[in-house]
2 protein chains.
Amino acid sequence: MFKNIWGHLMAVKSERTREMLASVALGMFREIGFEKTTMRAIANEAGVSVGNAYYYFASKDDLVLELYEQVQNEHAAHASHTIEGLEGFGDRLKAVLHAGVDVMAPYHGFGGDFISTAIRPSSPVNPFGDQSAPAREASLALFHAVVKGASPALPEKLRNDLPELLWLAYMGTTLFWVHDTSENQQRTRRLIDGLVPLIAKGISLAKIPGVNRIFDDVLNLARSIRA
Amino acid sequence: MFKNIWGHLMAVKSERTREMLASVALGMFREIGFEKTTMRAIANEAGVSVGNAYYYFASKDDLVLELYEQVQNEHAAHASHTIEGLEGFGDRLKAVLHAGVDVMAPYHGFGGDFISTAIRPSSPVNPFGDQSAPAREASLALFHAVVKGASPALPEKLRNDLPELLWLAYMGTTLFWVHDTSENQQRTRRLIDGLVPLIAKGISLAKIPGVNRIFDDVLNLARSIRA
DNA sequence: CACATAATTTGAACATGTTCAACATGTTGT
DNA sequence: ACAACATGTTGAACATGTTCAAATTATGTG
């Protein structure tokens with residue numbers, strides 16, 4: 001009966017060590033950047049040994065994954081709330097993209113090193129890889145929600161594949177954001193505000209037969225290329 | 001009269017040391033990858049000291065820049081030759097993109113680390129940065145040539161900005177190529193073969209008024225977002 | 001409780017990218 | 001030829017990510 005209490009308490013303590021490490025690491029990433037956040041400094045600040053940090057995180061990159069997951073979850077929470085009142089496809093998409101920029105903002109200085117880590121196919125943070133699947137799913141769900149809840153509804157045949165394409169556009173936006181050195185990343189904001197109506201208008205053109213055929217081709221290409 | 005001969009010979013010798021280092025490094029990148037190619041191994045293989053390698057290349061990333069430049073130059077040489085006989089815009093674009101994949105092929109294993117380095121805004125290899133300007137210009141010129149030499153000629157208003165957008169698409173293709181684990185990167189080939197006709201058809205739709213307006217919007221957005 | 005097993009923690013050790021003061025060699029002006 | 005200067009070269013030293021055998025602490029068992 002009682003024998004598991006200590007087990008449980010330890011599980012909690014273990015969890016707490018892990019969370020302490022993550023919290024310290026993320027804070028340092030934000031405040032002083034990737035390079036200055038050395039594993040020794042993290043361990044030191046968290047009050048554990050270097051080796052112990054590696055007991056909880058297999059590599060420094062795994063701490064970046066932790067950051068990625070937290071940011072994606074925050075994005076999901078934040079955005080799913082803001083799109084609730086919005087009906088138009090464009091408005092919903094815009095809200096989700098802006099929410100993404102909002103959530104990432106504190107980490108903009110860290111962005112370069114983040115994306116450099118994330119883009120390496122062998123990295124745990126790679127958004128297409130296995131280890132980041134939970135974060136990716138959370139993000140993808142957001143774009144499914146954008147499409148599903150839109151009114152007027154989007155063309156039937158788009159509803160399956162569009163979310164993934166939008167997620168891809170979101171990845172592109174992030175890439176742009178990382179390189180955006182303008183004050184408060186205003187250029188990224190303008191990109192979003194300019195791009196979204198274009199996507200919306202583009203989709204509305206699907207009614208024109210000639211254009212419609214191209215849409216089919218795009219969708220087919222996207223499908224045939226996927227893994 | 002003669003006093004400069006030695007100066008010249010030394011300049012040549014210095015150049016040779018540099019080239020030896022570059023050649024050794026690039027070969028090792030190809031054969032054993034980025035991580036196993038240590039600065040010590042490079043220096044050793046080239047028959048110089050570690051410090052001496054740093055006299056010629058400020059960092060390991062600078063050796064990656066060297067690779068980037070050589071590959072882009074090879075691409076320019078190879079592609080400008082192959083498009084000579086081709087008239088159609090699609091054929092020309094396809095040829096240039098395939099030539100790119102051909103030239104990069106030996107380095108596919110290295111691609112992940114390469115792009116991870118290249119995408120960091122602070123990296124000398126960053127394709128949007130100052131240090132890689134020569135390589136970027138060589139590549140951009142290729143897409144200007146694709147557009148300029150196309151027959152039937154492309155719409156007047158596209159001729160200025162299209163090359164840059166095509167170059168961007170090329171960057172995207174490269175990103176795809178890096179993650180492409182299919183045999184001989186065949187999926188990248190299929191992406192190119194599928195994407196190019198779509199671009200060509202898309203452009204031909206500019207005749208339709210409704211579509212034409214969107215084209216203007218895209219071009220305006222692209223212009224307003226640029227630096 | 002005593003012991004075995006599992007989970008957690010430590011810090012020294014290693015390989016690597018990079019720096020730098022010292023040295024060596026080549027160049028130029030007188 | 002000599003002295004100043006410029007160019008090229010060396011290897012030891014440093015900081016950092018990562019590994020690992022050993023120590024410590026917690027849990028389960030008889």
# chains A, B, ... in the order shown; residues from 1 in each chain; ligands from 1
call {"tool": "select_by_dssp", "arguments": {"residues": "segment 9-225 of chain B", "states": "alpha helix (DSSP H)", "output": "number ranges by chain"}}
result
B: 9-32, 39-46, 50-56, 60-82, 89-104, 111-119, 133-148, 162-179, 186-204, 209-225
call {"tool": "interface_residues", "arguments": {"of": "chain C", "to": "chain B", "cutoff": "8 Å", "atoms": "only C-alpha atoms (C1' of nucleotides)", "output": "JSON, numbers by chain"}}
result
{"C": [16, 17, 18, 27]}
call {"tool": "write_last_selection", "arguments": {"atoms": "all heavy atoms", "output": "compact mmCIF listing (two decimals), in the first residue's frame"}}
result
# COMPACT_ATOMS: atom_id res chain seq x y z
P DT C 16 38.10 13.38 -33.32
OP1 DT C 16 37.42 12.70 -34.44
OP2 DT C 16 39.57 13.44 -33.22
O5' DT C 16 37.55 14.89 -33.26
C5' DT C 16 36.17 15.13 -33.07
C4' DT C 16 35.95 16.60 -32.92
O4' DT C 16 36.40 17.01 -31.60
C3' DT C 16 36.75 17.45 -33.92
O3' DT C 16 35.88 18.25 -34.67
C2' DT C 16 37.68 18.30 -33.05
C1' DT C 16 36.95 18.29 -31.71
N1 DT C 16 37.87 18.49 -30.56
C2 DT C 16 37.57 19.47 -29.64
O2 DT C 16 36.60 20.17 -29.71
N3 DT C 16 38.49 19.59 -28.63
C4 DT C 16 39.65 18.85 -28.46
O4 DT C 16 40.40 19.05 -27.51
C5 DT C 16 39.90 17.85 -29.45
C7 DT C 16 41.13 17.00 -29.38
C6 DT C 16 39.02 17.72 -30.45
P DG C 17 36.43 19.15 -35.92
OP1 DG C 17 35.53 18.90 -37.04
OP2 DG C 17 37.88 18.92 -36.08
O5' DG C 17 36.21 20.63 -35.38
C5' DG C 17 34.89 21.10 -35.19
C4' DG C 17 34.92 22.50 -34.61
O4' DG C 17 35.64 22.46 -33.36
C3' DG C 17 35.63 23.54 -35.48
O3' DG C 17 34.93 24.78 -35.37
C2' DG C 17 37.03 23.61 -34.87
C1' DG C 17 36.76 23.32 -33.40
N9 DG C 17 37.86 22.64 -32.72
C8 DG C 17 38.52 21.52 -33.16
N7 DG C 17 39.48 21.13 -32.34
C5 DG C 17 39.43 22.04 -31.29
C6 DG C 17 40.22 22.14 -30.11
O6 DG C 17 41.14 21.41 -29.74
N1 DG C 17 39.84 23.23 -29.33
C2 DG C 17 38.83 24.10 -29.64
N2 DG C 17 38.61 25.08 -28.77
N3 DG C 17 38.08 24.02 -30.74
C4 DG C 17 38.43 22.97 -31.52
P DT C 18 35.41 26.05 -36.22
OP1 DT C 18 34.28 26.96 -36.36
OP2 DT C 18 36.14 25.60 -37.41
O5' DT C 18 36.44 26.72 -35.20
C5' DT C 18 35.95 27.12 -33.92
C4' DT C 18 37.05 27.75 -33.12
O4' DT C 18 37.96 26.74 -32.64
C3' DT C 18 37.92 28.77 -33.89
O3' DT C 18 37.80 30.02 -33.24
C2' DT C 18 39.34 28.20 -33.80
C1' DT C 18 39.24 27.29 -32.58
N1 DT C 18 40.21 26.16 -32.55
C2 DT C 18 41.07 26.04 -31.48
O2 DT C 18 41.08 26.83 -30.55
N3 DT C 18 41.93 24.97 -31.54
C4 DT C 18 42.01 24.02 -32.55
O4 DT C 18 42.83 23.10 -32.48
C5 DT C 18 41.10 24.20 -33.64
C7 DT C 18 41.11 23.24 -34.79
C6 DT C 18 40.25 25.25 -33.60
P DT C 27 59.51 35.50 -51.85
OP1 DT C 27 58.37 35.46 -52.79
OP2 DT C 27 60.86 35.11 -52.30
O5' DT C 27 59.58 36.98 -51.26
C5' DT C 27 58.38 37.56 -50.73
C4' DT C 27 58.62 39.03 -50.44
O4' DT C 27 59.46 39.18 -49.26
C3' DT C 27 59.29 39.82 -51.56
O3' DT C 27 58.47 40.95 -51.82
C2' DT C 27 60.67 40.19 -51.00
C1' DT C 27 60.39 40.22 -49.49
N1 DT C 27 61.52 39.93 -48.56
C2 DT C 27 61.77 40.81 -47.52
O2 DT C 27 61.13 41.82 -47.33
N3 DT C 27 62.79 40.44 -46.69
C4 DT C 27 63.59 39.30 -46.79
O4 DT C 27 64.48 39.07 -45.99
C5 DT C 27 63.29 38.44 -47.90
C7 DT C 27 64.07 37.18 -48.12
C6 DT C 27 62.27 38.78 -48.74
call {"tool": "atom_distance", "arguments": {"atom1": "atom CA of Val146 of chain B", "atom2": "atom CA of Asp193 of chain B"}}
result
16.1 Å
call {"tool": "residues_around", "arguments": {"residues": "segment 3-14 of chain D", "least_positions_apart": "3", "cutoff": "12 Å", "atoms": "only C-alpha atoms (C1' of nucleotides)", "output": "PyMOL selection string"}}
result
(chain B and resi 7+10-11+13-15+17-18+40+43+47-56) or (chain C and resi 16-30)
call {"tool": "residues_around", "arguments": {"residues": "segment 181-192 of chain B", "least_positions_apart": "3", "cutoff": "9 Å", "atoms": "only C-alpha atoms (C1' of nucleotides)", "output": "list of chain:residue names"}}
result
A:Leu221, A:Ala222, A:Ser224, A:Ile225, A:Arg226, A:Ala227, B:Lys94, B:Leu97, B:His98, B:Val101, B:Ala105, B:His108, B:Thr173, B:Thr174, B:Phe176, B:Trp177, B:Val178, B:Leu195, B:Val196, B:Pro197
call {"tool": "atom_distance", "arguments": {"atom1": "atom CA of Ile119 of chain A", "atom2": "atom CA of Leu21 of chain A"}}
result
24.0 Å
call {"tool": "closest_atom_pairs", "arguments": {"of": "chain B", "to": "chain A", "cutoff": "8 Å", "atoms": "only C-alpha atoms", "output": "tab-separated table"}}
result
residue	atom	partner	partner_atom	distance
B:Gly112	CA	A:Arg120	CA	5.1
B:Asp113	CA	A:Arg120	CA	6.3
B:Ile115	CA	A:Arg120	CA	7.2
B:Ser116	CA	A:Ser116	CA	4.7
B:Thr117	CA	A:Ser116	CA	6.5
B:Ile119	CA	A:Ser116	CA	5.9
B:Arg120	CA	A:Gly112	CA	5.1
B:Pro121	CA	A:Gly112	CA	5.8
B:Ser122	CA	A:Gly112	CA	7.6
B:Val178	CA	A:Pro121	CA	8.0
B:His179	CA	A:Pro121	CA	6.3
B:Arg187	CA	A:Ile225	CA	6.4
B:Arg190	CA	A:Ile225	CA	7.5
B:Leu191	CA	A:Ile225	CA	6.6
B:Gly194	CA	A:Leu221	CA	6.4
B:Leu195	CA	A:Leu221	CA	7.6
B:Leu198	CA	A:Ile214	CA	6.9
B:Lys201	CA	A:Ile214	CA	7.7
B:Gly202	CA	A:Ile214	CA	7.4
B:Leu205	CA	A:Val211	CA	7.6
B:Gly210	CA	A:Leu205	CA	7.9
B:Val211	CA	A:Leu205	CA	7.6
B:Ile214	CA	A:Leu198	CA	6.9
B:Asp217	CA	A:Leu198	CA	7.4
B:Val218	CA	A:Leu198	CA	7.4
B:Leu221	CA	A:Gly194	CA	6.4
B:Ile225	CA	A:Arg187	CA	6.4
call {"tool": "atom_distance", "arguments": {"atom1": "atom CA of Ala150 of chain A", "atom2": "atom CA of Ala99 of chain A"}}
result
17.5 Å
call {"tool": "interface_residues", "arguments": {"of": "chain D", "to": "chain A", "cutoff": "10 Å", "atoms": "only C-alpha atoms (C1' of nucleotides)", "output": "ChimeraX atom specification"}}
result
/D:15-20,26-28
call {"tool": "write_last_selection", "arguments": {"atoms": "N, CA, C and O atoms (P, O5', C5', C4', C3', O3' and C1' of nucleotides)", "output": "mmCIF file, in the first residue's frame"}}
result
data_model
loop_
_atom_site.group_PDB
_atom_site.id
_atom_site.type_symbol
_atom_site.label_atom_id
_atom_site.label_comp_id
_atom_site.auth_asym_id
_atom_site.auth_seq_id
_atom_site.Cartn_x
_atom_site.Cartn_y
_atom_site.Cartn_z
ATOM 1 P P DA D 15 39.121 27.869 -20.869
ATOM 2 O "O5'" DA D 15 37.878 27.557 -21.808
ATOM 3 C "C5'" DA D 15 37.597 28.405 -22.906
ATOM 4 C "C4'" DA D 15 36.452 27.807 -23.697
ATOM 5 C "C3'" DA D 15 35.307 27.252 -22.832
ATOM 6 O "O3'" DA D 15 34.081 27.592 -23.441
ATOM 7 C "C1'" DA D 15 36.220 25.514 -24.158
ATOM 8 P P DT D 16 32.710 27.130 -22.763
ATOM 9 O "O5'" DT D 16 32.292 25.883 -23.650
ATOM 10 C "C5'" DT D 16 32.186 26.018 -25.052
ATOM 11 C "C4'" DT D 16 31.888 24.671 -25.655
ATOM 12 C "C3'" DT D 16 30.813 23.887 -24.896
ATOM 13 O "O3'" DT D 16 29.770 23.533 -25.762
ATOM 14 C "C1'" DT D 16 32.702 22.534 -25.352
ATOM 15 P P DG D 17 28.398 22.883 -25.194
ATOM 16 O "O5'" DG D 17 28.406 21.436 -25.850
ATOM 17 C "C5'" DG D 17 28.278 21.330 -27.258
ATOM 18 C "C4'" DG D 17 28.442 19.883 -27.686
ATOM 19 C "C3'" DG D 17 27.430 18.909 -27.073
ATOM 20 O "O3'" DG D 17 27.083 17.928 -28.055
ATOM 21 C "C1'" DG D 17 29.623 18.312 -26.400
ATOM 22 P P DT D 18 26.014 16.821 -27.712
ATOM 23 O "O5'" DT D 18 26.941 15.675 -27.114
ATOM 24 C "C5'" DT D 18 27.958 15.126 -27.955
ATOM 25 C "C4'" DT D 18 28.688 14.032 -27.212
ATOM 26 C "C3'" DT D 18 27.791 13.020 -26.485
ATOM 27 O "O3'" DT D 18 28.036 11.742 -27.047
ATOM 28 C "C1'" DT D 18 29.617 13.707 -25.138
ATOM 29 P P DT D 19 27.302 10.450 -26.504
ATOM 30 O "O5'" DT D 19 28.440 9.773 -25.610
ATOM 31 C "C5'" DT D 19 29.714 9.587 -26.172
ATOM 32 C "C4'" DT D 19 30.606 8.871 -25.179
ATOM 33 C "C3'" DT D 19 29.962 7.653 -24.493
ATOM 34 O "O3'" DT D 19 30.914 6.604 -24.551
ATOM 35 C "C1'" DT D 19 30.785 9.160 -22.863
ATOM 36 P P DC D 20 30.457 5.093 -24.291
ATOM 37 O "O5'" DC D 20 31.019 4.826 -22.835
ATOM 38 C "C5'" DC D 20 32.263 5.448 -22.454
ATOM 39 C "C4'" DC D 20 32.544 5.178 -20.988
ATOM 40 C "C3'" DC D 20 31.704 4.051 -20.375
ATOM 41 O "O3'" DC D 20 32.513 3.334 -19.466
ATOM 42 C "C1'" DC D 20 31.359 6.027 -19.167
ATOM 43 P P DA D 26 17.423 8.461 -1.590
ATOM 44 O "O5'" DA D 26 16.627 7.331 -2.378
ATOM 45 C "C5'" DA D 26 16.057 7.665 -3.638
ATOM 46 C "C4'" DA D 26 15.489 6.419 -4.271
ATOM 47 C "C3'" DA D 26 14.302 5.798 -3.517
ATOM 48 O "O3'" DA D 26 13.250 5.633 -4.462
ATOM 49 C "C1'" DA D 26 15.919 4.153 -4.017
ATOM 50 P P DT D 27 11.811 5.158 -3.946
ATOM 51 O "O5'" DT D 27 11.851 3.603 -4.297
ATOM 52 C "C5'" DT D 27 12.082 3.206 -5.650
ATOM 53 C "C4'" DT D 27 12.088 1.695 -5.742
ATOM 54 C "C3'" DT D 27 10.929 1.007 -5.011
ATOM 55 O "O3'" DT D 27 10.225 0.221 -5.959
ATOM 56 C "C1'" DT D 27 13.013 -0.014 -4.477
ATOM 57 P P DG D 28 9.020 -0.680 -5.545
ATOM 58 O "O5'" DG D 28 9.735 -2.099 -5.439
ATOM 59 C "C5'" DG D 28 10.357 -2.659 -6.588
ATOM 60 C "C4'" DG D 28 10.891 -4.035 -6.256
ATOM 61 C "C3'" DG D 28 9.856 -4.980 -5.638
ATOM 62 O "O3'" DG D 28 10.094 -6.275 -6.185
ATOM 63 C "C1'" DG D 28 11.695 -4.763 -4.183
#
